[in-house]
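Q: File target-v9.pdb follows (PDB, C-alpha atoms):
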MODEL        1
ATOM      1  CA  MET F   1       9.629  -9.731  -3.876
ATOM      2  CA  GLY F   2       9.257  -9.930  -7.640
ATOM      3  CA  ALA F   3       9.547  -7.940 -10.814
ATOM      4  CA  THR F   4       8.821  -4.242 -11.033
ATOM      5  CA  ARG F   5       5.268  -3.310 -11.973
ATOM      6  CA  PRO F   6       5.568   0.144 -13.575
ATOM      7  CA  THR F   7       1.848   0.854 -13.205
ATOM      8  CA  SER F   8       1.912   0.566  -9.404
ATOM      9  CA  GLN F   9       4.214   2.940  -7.555
ATOM     10  CA  PHE F  10       2.789   1.685  -4.255
ATOM     11  CA  HIS F  11       4.117  -1.798  -5.100
ATOM     12  CA  ALA F  12       7.009  -2.366  -2.672
ATOM     13  CA  PRO F  13       9.757  -3.205  -5.229
ATOM     14  CA  ASN F  14       9.042   0.072  -7.031
ATOM     15  CA  ILE F  15       9.835   2.288  -4.039
ATOM     16  CA  GLY F  16      12.741   4.473  -5.004
ATOM     17  CA  ALA F  17      12.311   3.653  -8.683
ATOM     18  CA  SER F  18      11.115   7.208  -9.254
ATOM     19  CA  SER F  19      10.860  10.426  -7.285
ATOM     20  CA  GLY F  20       7.099  10.716  -7.610
ATOM     21  CA  VAL F  21       6.394  11.206  -3.899
ATOM     22  CA  ASP F  22       4.352  14.350  -4.580
ATOM     23  CA  ARG F  23       2.127  12.405  -6.958
ATOM     24  CA  LEU F  24       1.649   9.626  -4.417
ATOM     25  CA  VAL F  25       0.801  12.168  -1.718
ATOM     26  CA  GLY F  26      -1.684  13.810  -4.075
ATOM     27  CA  ALA F  27      -3.339  10.467  -4.774
ATOM     28  CA  LEU F  28      -3.573   9.637  -1.061
ATOM     29  CA  ASP F  29      -4.958  13.081  -0.220
ATOM     30  CA  ALA F  30      -7.585  12.707  -2.951
ATOM     31  CA  GLN F  31      -8.579   9.331  -1.501
ATOM     32  CA  ASP F  32      -8.819  10.885   1.958
ATOM     33  CA  ALA F  33     -11.335  13.374   0.534
ATOM     34  CA  ASN F  34     -13.422  10.785  -1.347
ATOM     35  CA  ASP F  35     -16.893  10.358   0.173
ATOM     36  CA  GLY F  36     -16.881   6.592  -0.404
ATOM     37  CA  VAL F  37     -13.524   6.179   1.329
ATOM     38  CA  ARG F  38     -14.735   8.309   4.228
ATOM     39  CA  ARG F  39     -17.895   6.241   4.645
ATOM     40  CA  LEU F  40     -16.072   2.905   4.552
ATOM     41  CA  ARG F  41     -13.465   4.158   7.006
ATOM     42  CA  ALA F  42     -16.159   5.441   9.367
ATOM     43  CA  TRP F  43     -17.834   2.020   9.320
ATOM     44  CA  ALA F  44     -14.528   0.252   9.986
ATOM     45  CA  HIS F  45     -13.497   2.574  12.815
ATOM     46  CA  THR F  46     -16.897   2.103  14.472
ATOM     47  CA  ALA F  47     -16.567  -1.675  14.182
ATOM     48  CA  LEU F  48     -13.013  -1.631  15.595
ATOM     49  CA  ASP F  49     -14.051   0.568  18.545
ATOM     50  CA  VAL F  50     -10.536   1.603  19.560
ATOM     51  CA  ARG F  51     -10.461   2.356  23.294
ATOM     52  CA  PRO F  52      -8.191   4.539  25.461
ATOM     53  CA  GLY F  53      -4.992   2.822  26.426
ATOM     54  CA  GLU F  54      -4.904   0.444  23.456
ATOM     55  CA  ARG F  55      -1.979  -0.064  21.076
ATOM     56  CA  ALA F  56      -2.804   0.276  17.385
ATOM     57  CA  LEU F  57      -0.825  -0.604  14.273
ATOM     58  CA  ASP F  58      -1.401   0.981  10.849
ATOM     59  CA  ILE F  59       0.190  -1.113   8.085
ATOM     60  CA  GLY F  60       1.062   0.889   4.974
ATOM     61  CA  SER F  61       0.360   4.147   6.761
ATOM     62  CA  GLY F  62       1.152   6.482   3.850
ATOM     63  CA  THR F  63       0.713  10.096   4.921
ATOM     64  CA  GLY F  64      -0.415   8.960   8.377
ATOM     65  CA  SER F  65      -4.034  10.136   8.354
ATOM     66  CA  GLN F  66      -5.378   6.890   9.785
ATOM     67  CA  THR F  67      -2.452   6.441  12.186
ATOM     68  CA  ARG F  68      -3.319   9.795  13.720
ATOM     69  CA  HIS F  69      -7.003   8.841  13.858
ATOM     70  CA  LEU F  70      -6.149   5.606  15.690
ATOM     71  CA  ALA F  71      -3.800   7.432  18.065
ATOM     72  CA  ALA F  72      -6.493   9.978  18.971
ATOM     73  CA  ALA F  73      -8.984   7.179  19.661
ATOM     74  CA  ALA F  74      -6.440   5.365  21.876
ATOM     75  CA  ALA F  75      -5.714   8.475  23.972
ATOM     76  CA  PRO F  76      -5.061   8.855  26.781
ATOM     77  CA  GLY F  77      -2.582   6.157  27.530
ATOM     78  CA  GLY F  78      -2.566   4.440  24.152
ATOM     79  CA  ALA F  79      -0.611   4.973  20.949
ATOM     80  CA  ALA F  80      -0.494   4.129  17.251
ATOM     81  CA  LEU F  81       2.442   3.015  15.141
ATOM     82  CA  GLY F  82       2.425   3.530  11.389
ATOM     83  CA  ILE F  83       4.474   1.103   9.274
ATOM     84  CA  GLU F  84       5.447   2.618   5.909
ATOM     85  CA  PRO F  85       8.293   1.409   3.641
ATOM     86  CA  ASN F  86       8.340   4.561   1.490
ATOM     87  CA  PRO F  87      10.690   7.095   3.156
ATOM     88  CA  GLY F  88       9.132  10.019   1.319
ATOM     89  CA  LEU F  89       5.652   9.198   2.575
ATOM     90  CA  ARG F  90       7.014   8.612   6.093
ATOM     91  CA  ALA F  91       8.570  12.073   6.038
ATOM     92  CA  VAL F  92       5.231  13.626   5.039
ATOM     93  CA  ALA F  93       3.461  11.683   7.801
ATOM     94  CA  GLU F  94       5.918  12.938  10.393
ATOM     95  CA  GLN F  95       5.601  16.527   9.149
ATOM     96  CA  ARG F  96       1.812  16.347   9.447
ATOM     97  CA  THR F  97       1.879  14.936  12.979
ATOM     98  CA  GLU F  98       1.632  17.515  15.743
ATOM     99  CA  PRO F  99       4.077  17.406  18.688
ATOM    100  CA  GLY F 100       2.465  15.475  21.492
ATOM    101  CA  ASP F 101       0.378  13.280  19.190
ATOM    102  CA  ARG F 102       0.629   9.617  20.142
ATOM    103  CA  ALA F 103       1.337   8.604  16.546
ATOM    104  CA  ARG F 104       4.775   7.589  15.345
ATOM    105  CA  PHE F 105       6.111   6.077  12.136
ATOM    106  CA  MET F 106       8.802   3.616  11.156
ATOM    107  CA  ASP F 107      10.101   1.632   8.218
ATOM    108  CA  GLY F 108       8.778  -1.885   7.924
ATOM    109  CA  ASP F 109       7.519  -4.701   5.744
ATOM    110  CA  ALA F 110       3.968  -6.050   5.894
ATOM    111  CA  LEU F 111       5.413  -9.559   5.557
ATOM    112  CA  SER F 112       7.662  -9.119   8.616
ATOM    113  CA  LEU F 113       6.104  -6.636  11.024
ATOM    114  CA  PRO F 114       8.625  -5.115  13.462
ATOM    115  CA  VAL F 115       6.529  -5.760  16.588
ATOM    116  CA  PRO F 116       6.427  -8.705  19.042
ATOM    117  CA  ASP F 117       3.887 -11.508  19.075
ATOM    118  CA  ALA F 118       0.501 -10.749  20.680
ATOM    119  CA  SER F 119       1.434  -7.131  21.408
ATOM    120  CA  ILE F 120      -1.174  -5.177  19.419
ATOM    121  CA  ASP F 121      -4.817  -4.469  20.250
ATOM    122  CA  VAL F 122      -5.920  -3.110  16.872
ATOM    123  CA  VAL F 123      -4.557  -3.392  13.320
ATOM    124  CA  TRP F 124      -5.581  -1.181  10.412
ATOM    125  CA  CYS F 125      -4.518  -2.271   6.908
ATOM    126  CA  GLU F 126      -5.998  -0.266   4.052
ATOM    127  CA  ARG F 127      -5.281  -0.773   0.338
ATOM    128  CA  VAL F 128      -2.051  -2.630   1.057
ATOM    129  CA  LEU F 129      -2.749  -6.266   0.210
ATOM    130  CA  GLN F 130      -3.437  -5.441  -3.443
ATOM    131  CA  HIS F 131       0.198  -4.351  -3.805
ATOM    132  CA  LEU F 132       1.745  -7.509  -2.307
ATOM    133  CA  LEU F 133       2.790 -10.611  -4.200
ATOM    134  CA  GLU F 134       2.160 -12.727  -1.075
ATOM    135  CA  PRO F 135      -0.759 -10.995   0.663
ATOM    136  CA  GLU F 136      -1.781 -14.106   2.593
ATOM    137  CA  LYS F 137       1.552 -13.958   4.446
ATOM    138  CA  ALA F 138       0.790 -10.398   5.531
ATOM    139  CA  VAL F 139      -2.510 -11.523   7.056
ATOM    140  CA  VAL F 140      -0.696 -14.314   8.921
ATOM    141  CA  GLU F 141       1.652 -11.629  10.270
ATOM    142  CA  ILE F 142      -1.346  -9.606  11.430
ATOM    143  CA  ALA F 143      -2.682 -12.646  13.277
ATOM    144  CA  ARG F 144       0.740 -13.108  14.903
ATOM    145  CA  VAL F 145       0.968  -9.589  16.329
ATOM    146  CA  LEU F 146      -2.640  -9.378  17.545
ATOM    147  CA  ARG F 147      -3.263 -10.207  21.177
ATOM    148  CA  PRO F 148      -6.130 -12.617  21.921
ATOM    149  CA  GLY F 149      -9.289 -10.580  21.419
ATOM    150  CA  GLY F 150      -7.430  -8.042  19.288
ATOM    151  CA  ARG F 151      -9.209  -6.643  16.221
ATOM    152  CA  VAL F 152      -8.218  -5.972  12.627
ATOM    153  CA  ALA F 153      -9.781  -4.026   9.773
ATOM    154  CA  LEU F 154      -8.755  -4.897   6.218
ATOM    155  CA  LEU F 155      -9.902  -2.492   3.486
ATOM    156  CA  ASP F 156      -9.027  -3.022  -0.155
ATOM    157  CA  THR F 157     -10.092  -2.336  -3.715
ATOM    158  CA  ASP F 158     -11.397  -4.879  -6.205
ATOM    159  CA  TRP F 159     -10.333  -3.459  -9.565
ATOM    160  CA  ALA F 160     -12.551  -5.867 -11.506
ATOM    161  CA  THR F 161     -15.489  -3.769 -10.271
ATOM    162  CA  THR F 162     -14.396  -0.759 -12.358
ATOM    163  CA  ILE F 163     -17.408   0.774 -14.138
ATOM    164  CA  LEU F 164     -17.279   3.412 -16.872
ATOM    165  CA  HIS F 165     -20.389   4.800 -18.606
ATOM    166  CA  PRO F 166     -21.372   5.721 -21.281
ATOM    167  CA  GLY F 167     -19.583   4.272 -24.304
ATOM    168  CA  ASP F 168     -19.591   1.321 -26.647
ATOM    169  CA  PRO F 169     -19.704  -1.729 -24.308
ATOM    170  CA  GLU F 170     -16.858  -3.583 -26.030
ATOM    171  CA  THR F 171     -14.625  -0.500 -26.046
ATOM    172  CA  VAL F 172     -15.413   0.246 -22.413
ATOM    173  CA  ALA F 173     -14.638  -3.354 -21.407
ATOM    174  CA  ALA F 174     -11.306  -3.245 -23.227
ATOM    175  CA  VAL F 175     -10.312   0.106 -21.725
ATOM    176  CA  THR F 176     -11.331  -0.675 -18.145
ATOM    177  CA  SER F 177      -9.481  -3.997 -18.284
ATOM    178  CA  GLY F 178      -6.326  -1.923 -17.941
ATOM    179  CA  ALA F 179      -7.239  -1.252 -14.312
ATOM    180  CA  LEU F 180      -6.446  -4.899 -13.621
ATOM    181  CA  SER F 181      -2.752  -4.241 -14.310
ATOM    182  CA  ALA F 182      -2.488  -1.544 -11.643
ATOM    183  CA  ALA F 183      -1.872  -3.884  -8.701
ATOM    184  CA  ALA F 184      -0.128  -7.135  -7.850
ATOM    185  CA  ASP F 185      -3.519  -8.585  -6.839
ATOM    186  CA  PRO F 186      -6.292  -6.563  -8.512
ATOM    187  CA  TYR F 187      -8.978  -8.865  -7.022
ATOM    188  CA  SER F 188      -7.866  -8.273  -3.438
ATOM    189  CA  GLY F 189     -11.168  -6.818  -2.225
ATOM    190  CA  ARG F 190     -13.142 -10.022  -2.733
ATOM    191  CA  LYS F 191     -10.503 -12.118  -0.943
ATOM    192  CA  LEU F 192     -10.399 -10.334   2.423
ATOM    193  CA  VAL F 193     -12.808 -12.609   4.282
ATOM    194  CA  GLY F 194     -11.147 -15.779   3.044
ATOM    195  CA  ARG F 195      -7.678 -14.553   3.955
ATOM    196  CA  LEU F 196      -8.746 -13.611   7.470
ATOM    197  CA  ALA F 197     -10.368 -17.010   7.996
ATOM    198  CA  ALA F 198      -7.311 -18.821   6.619
ATOM    199  CA  ALA F 199      -5.136 -17.002   9.187
ATOM    200  CA  GLY F 200      -7.329 -18.244  12.039
ATOM    201  CA  LEU F 201      -9.152 -14.951  12.618
ATOM    202  CA  VAL F 202     -12.900 -14.690  13.198
ATOM    203  CA  VAL F 203     -14.746 -12.350  10.823
ATOM    204  CA  ASP F 204     -17.181 -10.064  12.666
ATOM    205  CA  ASP F 205     -18.474  -7.761   9.930
ATOM    206  CA  ARG F 206     -18.136  -6.867   6.262
ATOM    207  CA  GLY F 207     -18.756  -3.665   4.337
ATOM    208  CA  SER F 208     -18.301  -1.999   0.951
ATOM    209  CA  GLN F 209     -18.468   1.363  -0.766
ATOM    210  CA  ALA F 210     -18.365   2.425  -4.395
ATOM    211  CA  LEU F 211     -15.760   5.135  -4.934
ATOM    212  CA  LEU F 212     -17.481   7.487  -7.354
ATOM    213  CA  GLN F 213     -15.788  10.017  -9.593
ATOM    214  CA  ASP F 214     -17.363  13.429 -10.116
ATOM    215  CA  HIS F 215     -20.211  12.915 -12.624
ATOM    216  CA  THR F 216     -19.612  16.352 -14.181
ATOM    217  CA  THR F 217     -15.888  15.965 -14.886
ATOM    218  CA  VAL F 218     -13.931  13.377 -16.840
ATOM    219  CA  ALA F 219     -10.908  12.052 -14.903
ATOM    220  CA  TRP F 220      -8.711  12.615 -17.939
ATOM    221  CA  PRO F 221      -5.315  11.545 -16.537
ATOM    222  CA  LEU F 222      -6.705   8.141 -15.611
ATOM    223  CA  ILE F 223      -8.944   7.789 -18.681
ATOM    224  CA  ARG F 224      -6.122   8.651 -21.063
ATOM    225  CA  MET F 225      -3.761   6.266 -19.306
ATOM    226  CA  LEU F 226      -6.289   3.441 -19.699
ATOM    227  CA  GLY F 227      -7.146   4.457 -23.257
ATOM    228  CA  GLU F 228      -3.552   4.628 -24.448
ATOM    229  CA  SER F 229      -2.807   1.300 -22.784
ATOM    230  CA  ALA F 230      -5.742  -0.341 -24.584
ATOM    231  CA  VAL F 231      -4.501   1.001 -27.942
ATOM    232  CA  ARG F 232      -0.940  -0.191 -27.300
ATOM    233  CA  ARG F 233      -2.207  -3.666 -26.423
ATOM    234  CA  GLY F 234      -4.251  -3.784 -29.618
ATOM    235  CA  LEU F 235      -7.543  -4.073 -27.749
ATOM    236  CA  VAL F 236      -9.087  -0.995 -29.360
ATOM    237  CA  THR F 237      -8.282   1.218 -32.320
ATOM    238  CA  GLU F 238      -7.485   4.914 -32.045
ATOM    239  CA  VAL F 239     -10.887   5.617 -33.621
ATOM    240  CA  GLN F 240     -12.681   3.552 -30.971
ATOM    241  CA  ARG F 241     -10.695   5.263 -28.236
ATOM    242  CA  ASP F 242     -11.508   8.724 -29.541
ATOM    243  CA  LEU F 243     -15.216   7.899 -29.875
ATOM    244  CA  LEU F 244     -15.187   6.809 -26.231
ATOM    245  CA  TYR F 245     -13.533  10.086 -25.252
ATOM    246  CA  GLU F 246     -16.278  11.974 -27.105
ATOM    247  CA  ASP F 247     -19.024   9.979 -25.390
ATOM    248  CA  LEU F 248     -17.520  10.625 -21.962
ATOM    249  CA  THR F 249     -17.048  14.342 -22.659
ATOM    250  CA  GLU F 250     -20.668  14.714 -23.754
ATOM    251  CA  ALA F 251     -21.932  12.757 -20.764
ATOM    252  CA  ALA F 252     -19.916  14.877 -18.338
ATOM    253  CA  ALA F 253     -21.333  18.061 -19.886
ATOM    254  CA  GLN F 254     -24.817  16.681 -19.208
ATOM    255  CA  GLY F 255     -23.957  15.507 -15.694
ATOM    256  CA  ALA F 256     -24.516  11.905 -16.782
ATOM    257  CA  LEU F 257     -21.028  10.421 -16.430
ATOM    258  CA  HIS F 258     -20.465   7.370 -14.223
ATOM    259  CA  MET F 259     -17.050   6.121 -13.203
ATOM    260  CA  SER F 260     -16.506   4.029 -10.101
ATOM    261  CA  VAL F 261     -14.645   1.192  -8.447
ATOM    262  CA  THR F 262     -15.718  -0.681  -5.316
ATOM    263  CA  MET F 263     -13.694  -0.991  -2.132
ATOM    264  CA  PHE F 264     -14.485  -3.739   0.384
ATOM    265  CA  GLY F 265     -13.800  -4.078   4.079
ATOM    266  CA  ALA F 266     -13.740  -6.858   6.650
ATOM    267  CA  VAL F 267     -13.345  -6.608  10.437
ATOM    268  CA  ALA F 268     -12.209  -9.624  12.437
ATOM    269  CA  HIS F 269     -10.709 -10.598  15.788
ATOM    270  CA  ARG F 270      -8.191 -13.086  17.084
ATOM    271  CA  PRO F 271      -9.964 -15.658  19.242
ATOM    272  CA  GLY F 272      -8.945 -15.868  22.889
TER     273      GLY F 272
ENDMDL
END
The structure in this file should be written as structure tokens.
A:
Amino acid sequence: MGATRPTSQFHAPNIGASSGVDRLVGALDAQDANDGVRRLRAWAHTALDVRPGERALDIGSGTGSQTRHLAAAAAPGGAALGIEPNPGLRAVAEQRTEPGDRARFMDGDALSLPVPDASIDVVWCERVLQHLLEPEKAVVEIARVLRPGGRVALLDTDWATTILHPGDPETVAAVTSGALSAAADPYSGRKLVGRLAAAGLVVDDRGSQALLQDHTTVAWPLIRMLGESAVRRGLVTEVQRDLLYEDLTEAAAQGALHMSVTMFGAVAHRPG
């Protein structure tokens, strides 16, 4: 599917390139706890309105949190299948699933879903398209597996919306530009509606949430990764980088730090 992108361990060709499953699980658990993620998910689940007896599909299911949510909503009589190409994440999902839960997990590719045509009532696809080199093909696959009247929720990040404050504007712009290298399609969030329409699906609702970092704490692992990248690329000097670090540290001490990125969502259905 293309060359390795070392900054994106969720990018399919990178699976197995390192043993960082614990780090991926930590990142997914942190996202599960983020208030913005929770709010956008709540909106999407309400719009999908999964009903008992329905069959749900979670593409890129990770640790399985949303697969289990879909399975509980489809009970009794329904079920949810999580598709996850990373075997380490699949193992964690299975470990976290209680016996008797109507959630199960299997290997699979978003570009070739292992389910028959028109067999699924509800599809959930969160923060997956940004990691694909051909995301439009994945949306066509979603349209294929949905039954007439079936619903889909696409949720994804738009990394160009990254905001960091305070700091010298030019330095901040150079540093935050590094976020655009973290995905195969860093602008995925703004493209959801168009991709659904292109696949013949009817968009019913749209939503968004800013994912805010703690305003009293600097996210140093991420900040340093972006800062070092900007220095290596010659976009900022070490002095400019260090001045930015000082500004952020002072702002955090005063409770005045702002760091965010916006995630977008779109809910659609397959016409009858």
Q: Quick one: of F:Thr157, F:Thr46, F:Thr176, F:Thr162, who's nearest to Leu129 of chain F, counting all atoms listed in the file?
A: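 Looking only at the distances to Leu129 of chain F, the closest residue turns out to be F:Thr157.
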Q: So that I can check the surroundings of Pro166 of chain F, please list as a short mmCIF file (atom, residue, chain, number, x, y, z; two decimals) with C-alpha atoms, keeping the file's coordinate frame every protein, DNA and RNA residue that reaches within 9 Å of it, counting all atoms listed in the file and ignoring chain neighbours fewer than 6 positions away.
A:
data_model
loop_
_atom_site.label_atom_id
_atom_site.label_comp_id
_atom_site.auth_asym_id
_atom_site.auth_seq_id
_atom_site.Cartn_x
_atom_site.Cartn_y
_atom_site.Cartn_z
CA VAL F 172 -15.41 0.25 -22.41
CA LEU F 244 -15.19 6.81 -26.23
CA ASP F 247 -19.02 9.98 -25.39
CA LEU F 248 -17.52 10.62 -21.96
CA ALA F 251 -21.93 12.76 -20.76
CA ALA F 256 -24.52 11.90 -16.78
CA LEU F 257 -21.03 10.42 -16.43
CA HIS F 258 -20.46 7.37 -14.22
#
Q: For the structure shown, which residues end up in the PyMOL selection byres ((chain F and resi 102) around 7)? Put them as a PyMOL selection string, please?
A: chain F and resi 71+79-80+100-101+103-104
Q: With a distance cut-off of 8 Å and all atoms listed in the file, select the neighbouring residues of Val50 of chain F, excluding the residue or stretch itself and same-chain residues fewer than 3 positions from it, and output the selection as a list in words.
A: His45, Glu54, Leu70, Ala73, Ala74 and Val122 of chain F
Q: Pick the closest to Asp109 of chain F from F:Pro169, F:Gly53, F:Gly149, F:Gly60: which is it, counting all atoms listed in the file?
A: F:Gly60
Q: I'd like the neighbourhood of Pro271 of chain F as a list in words, where a residue qualifies if any of its atoms comes within 7 Å (using all atoms listed in the file), though same-chain residues fewer than 3 positions away should be ignored.
A: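 Non-adjacent residues within range: Pro148, Gly149, Leu201 and Val202 of chain F.
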Q: Set the distance at 12 Å and use all atoms listed in the file: which residues neighbour Glu250 of chain F once local chain neighbours fewer than 3 positions away are removed? I'd like the list as a list in words.
A: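 Counting only the stated atoms, we get His165, Pro166, Gly167, His215, Thr216, Thr217, Val218, Leu243, Leu244, Tyr245, Glu246, Asp247, Ala253, Gln254, Gly255, Ala256 and Leu257 of chain F.
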Q: What lies within 12 Å of Val140 of chain F using only C-alpha atoms, ignoring chain neighbours under 6 positions off, as a tab-separated table (two decimals) with C-alpha atoms, in the frame of the given file?
A:
chain	number	residue	atom	x	y	z
F	110	ALA	CA	3.97	-6.05	5.89
F	111	LEU	CA	5.41	-9.56	5.56
F	112	SER	CA	7.66	-9.12	8.62
F	113	LEU	CA	6.10	-6.64	11.02
F	117	ASP	CA	3.89	-11.51	19.08
F	134	GLU	CA	2.16	-12.73	-1.08
F	146	LEU	CA	-2.64	-9.38	17.55
F	152	VAL	CA	-8.22	-5.97	12.63
F	195	ARG	CA	-7.68	-14.55	3.96
F	196	LEU	CA	-8.75	-13.61	7.47
F	197	ALA	CA	-10.37	-17.01	8.00
F	198	ALA	CA	-7.31	-18.82	6.62
F	199	ALA	CA	-5.14	-17.00	9.19
F	200	GLY	CA	-7.33	-18.24	12.04
F	201	LEU	CA	-9.15	-14.95	12.62
F	270	ARG	CA	-8.19	-13.09	17.08
Q: Counting all atoms listed in the file, which of F:Ala174, F:Ile163, F:Ala219, F:Ala118 gets nearest to Ala252 of chain F?
A: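 Nearest candidate to Ala252 of chain F out of F:Ala174, F:Ile163, F:Ala219, F:Ala118: F:Ala219.
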Q: Give me, please, the distance in Å between atom CA of Met263 of chain F and atom CA of Thr97 of chain F, quoted to one decimal.
A: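 Pair atom CA of Met263 of chain F / atom CA of Thr97 of chain F returns 26.9 Å.
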Q: I need the residue set behind the PyMOL selection byres ((chain F and resi 145) around 7) for this file; please write it as a PDB file with C-alpha atoms, keeping the file's coordinate frame.
A:
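The result, stored in part.pdb:
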ATOM      1  CA  VAL F 115       6.529  -5.760  16.588  1.00  0.00           C
ATOM      2  CA  PRO F 116       6.427  -8.705  19.042  1.00  0.00           C
ATOM      3  CA  ASP F 117       3.887 -11.508  19.075  1.00  0.00           C
ATOM      4  CA  ALA F 118       0.501 -10.749  20.680  1.00  0.00           C
ATOM      5  CA  SER F 119       1.434  -7.131  21.408  1.00  0.00           C
ATOM      6  CA  ILE F 120      -1.174  -5.177  19.419  1.00  0.00           C
ATOM      7  CA  GLU F 141       1.652 -11.629  10.270  1.00  0.00           C
ATOM      8  CA  ILE F 142      -1.346  -9.606  11.430  1.00  0.00           C
ATOM      9  CA  ALA F 143      -2.682 -12.646  13.277  1.00  0.00           C
ATOM     10  CA  ARG F 144       0.740 -13.108  14.903  1.00  0.00           C
ATOM     11  CA  LEU F 146      -2.640  -9.378  17.545  1.00  0.00           C
ATOM     12  CA  ARG F 147      -3.263 -10.207  21.177  1.00  0.00           C
TER      13      ARG F 147
END
Q: F:Ala44, F:Ala160, F:Ala230, F:Leu81: which is nearest Asp185 of chain F, counting all atoms listed in the file?
A: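 The shortest atom-to-atom distance to Asp185 of chain F comes from F:Ala160.
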Q: Where does the PyMOL selection byres ((chain F and resi 43) around 12) land in this file, that is, which residues does it pick, as a PDB file with C-alpha atoms, keeping the file's coordinate frame?
A:
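After the write, result-v4.pdb holds the following:
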ATOM      1  CA  GLY F  36     -16.881   6.592  -0.404  1.00  0.00           C
ATOM      2  CA  VAL F  37     -13.524   6.179   1.329  1.00  0.00           C
ATOM      3  CA  ARG F  38     -14.735   8.309   4.228  1.00  0.00           C
ATOM      4  CA  ARG F  39     -17.895   6.241   4.645  1.00  0.00           C
ATOM      5  CA  LEU F  40     -16.072   2.905   4.552  1.00  0.00           C
ATOM      6  CA  ARG F  41     -13.465   4.158   7.006  1.00  0.00           C
ATOM      7  CA  ALA F  42     -16.159   5.441   9.367  1.00  0.00           C
ATOM      8  CA  ALA F  44     -14.528   0.252   9.986  1.00  0.00           C
ATOM      9  CA  HIS F  45     -13.497   2.574  12.815  1.00  0.00           C
ATOM     10  CA  THR F  46     -16.897   2.103  14.472  1.00  0.00           C
ATOM     11  CA  ALA F  47     -16.567  -1.675  14.182  1.00  0.00           C
ATOM     12  CA  LEU F  48     -13.013  -1.631  15.595  1.00  0.00           C
ATOM     13  CA  ASP F  49     -14.051   0.568  18.545  1.00  0.00           C
ATOM     14  CA  ALA F 153      -9.781  -4.026   9.773  1.00  0.00           C
ATOM     15  CA  LEU F 154      -8.755  -4.897   6.218  1.00  0.00           C
ATOM     16  CA  LEU F 155      -9.902  -2.492   3.486  1.00  0.00           C
ATOM     17  CA  ASP F 205     -18.474  -7.761   9.930  1.00  0.00           C
ATOM     18  CA  ARG F 206     -18.136  -6.867   6.262  1.00  0.00           C
ATOM     19  CA  GLY F 207     -18.756  -3.665   4.337  1.00  0.00           C
ATOM     20  CA  SER F 208     -18.301  -1.999   0.951  1.00  0.00           C
ATOM     21  CA  GLN F 209     -18.468   1.363  -0.766  1.00  0.00           C
ATOM     22  CA  PHE F 264     -14.485  -3.739   0.384  1.00  0.00           C
ATOM     23  CA  GLY F 265     -13.800  -4.078   4.079  1.00  0.00           C
ATOM     24  CA  ALA F 266     -13.740  -6.858   6.650  1.00  0.00           C
ATOM     25  CA  VAL F 267     -13.345  -6.608  10.437  1.00  0.00           C
TER      26      VAL F 267
END
Q: Could you check how far atom CA of Ala33 of chain F sits from atom CA of Val123 of chain F, in Å to one decimal?
A: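 Interatomic distance, atom CA of Ala33 of chain F to atom CA of Val123 of chain F: 22.1 Å.
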Q: Restricting the calculation to all atoms listed in the file: of F:Ala183, F:Thr63, F:Glu170, F:Arg51, which residue gets closest to Ala30 of chain F?
A: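 Under the stated criterion, the closest residue is F:Thr63.
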